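Asks: I have a structure I would like to understand better, so I am pasting it below and will then ask my questions one at a time.
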Amino acid sequence: MMNAHRVSPPAQQRGLVLVFALVALVIMLIGAVAISRSMNASQFNIGNIGFKRDLTNQSERAVVQAMNAVRANGVLADPVARLNNVKAANYSAVMLPSNPQGIPNALISDAEFATVGSAPDIVVADQNVTARYVVDRMSTTAGVGCTADTCQIANQAVVGGSSSEWLSAQNNSGAASSPSQGAQPLQPVYRITVRLTGPRNTLSFFQSTFTAP
C-alpha cells in the first residue's frame, strides 16, 4: 500500500517586495532630479562667472578711452582744462552726486547724463554690449586748483587716530595740517565710473580712480 503525500498549498504573496521596490524607485527618482538640478545650477553659475569676466574686459574699453583724454594731446591733458566741466569728455570738475552704492546719478538717469556728458556710448555690436562712462574730480569746487580743503588728494594720510595730516608721498617732513614746501605737488584724485549694458538689459558698474598732476 502506497503512502499518499500531501501537497502543501503555495504560500500567499503579501506584496511586501513590491512595496520595497516602489520605495526604492521613488528614492532613485528623487536622487536623479536632485543631481539634474545640481548640474543645471553649476552650469548656470559657470555661465554667470564667464559673463561677468567678459563684462569686466569690456569695461576696459571705456577706461582706456577716458584715460586717453587725460594723456598727452587729450582734451583733458592740460591741468587748466580739468578745472571746469568738459561735456565732450564726459568730465565733471566736481564730484558727481551718487546713490548710496557710490554710483553717479549720471549713469543711472539719461537726463542726468545729458547734463554731464555728450561723448557717444561705446558699442560692441558682436557682444551686444554698450558702455557709458563719466569722469569726475573728487572736488567740491570747480574753476580753481585743488587744495587739501577742496579735493581728495592722493598723498593724503590719516595718522594719530581721528586727526588728519597732509603728508608728502616722498617724505614726511610736513607738520600736521602744514605740508612741507619741498614736498611733492598735491595730486587730486579723479574717478572713472563705467556702466555696461549687456544682453537681456543686464547692468554692471565698474569704478576706478587715478591721479594726474
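Each chain in the C-alpha cells gets a letter, A, B, ..., in the order shown, and its residues are numbered from 1; ligands are numbered from 1 in order too.
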Which residues are close to Asp121 of chain A, i.e. within 8 Å by only C-alpha atoms, leaving aside same-chain residues fewer than 4 positions away? Reply as a PDB file with N, CA and C atoms, in the first residue's frame.
Replies:
ATOM      1  N   THR A 130      26.984  97.636 -24.498  1.00  0.00           N
ATOM      2  CA  THR A 130      27.125  99.086 -24.642  1.00  0.00           C
ATOM      3  C   THR A 130      27.737  99.644 -23.362  1.00  0.00           C
ATOM      4  N   ALA A 131      28.756 100.484 -23.517  1.00  0.00           N
ATOM      5  CA  ALA A 131      29.453 101.058 -22.369  1.00  0.00           C
ATOM      6  C   ALA A 131      29.271 102.575 -22.355  1.00  0.00           C
ATOM      7  N   ARG A 132      29.017 103.104 -21.183  1.00  0.00           N
ATOM      8  CA  ARG A 132      28.936 104.545 -20.971  1.00  0.00           C
ATOM      9  C   ARG A 132      29.754 104.885 -19.733  1.00  0.00           C
ATOM     10  N   TYR A 133      30.466 106.000 -19.762  1.00  0.00           N
ATOM     11  CA  TYR A 133      31.332 106.340 -18.639  1.00  0.00           C
ATOM     12  C   TYR A 133      31.228 107.820 -18.309  1.00  0.00           C
TER      13      TYR A 133
END
Asks: Of the candidates A:Val116, A:Ala93, A:Val75, A:Leu186, which one gets nearest to Asp149 of chain A if we count only C-alpha atoms?
Replies: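 Among the listed residues, A:Leu186 lies closest to Asp149 of chain A.
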Asks: Provide the atom CA of Gly74 of chain A to atom CA of Gln58 of chain A distance in Å, to one decimal place.
Replies: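 Atom CA of Gln58 of chain A lies 21.8 Å from atom CA of Gly74 of chain A.
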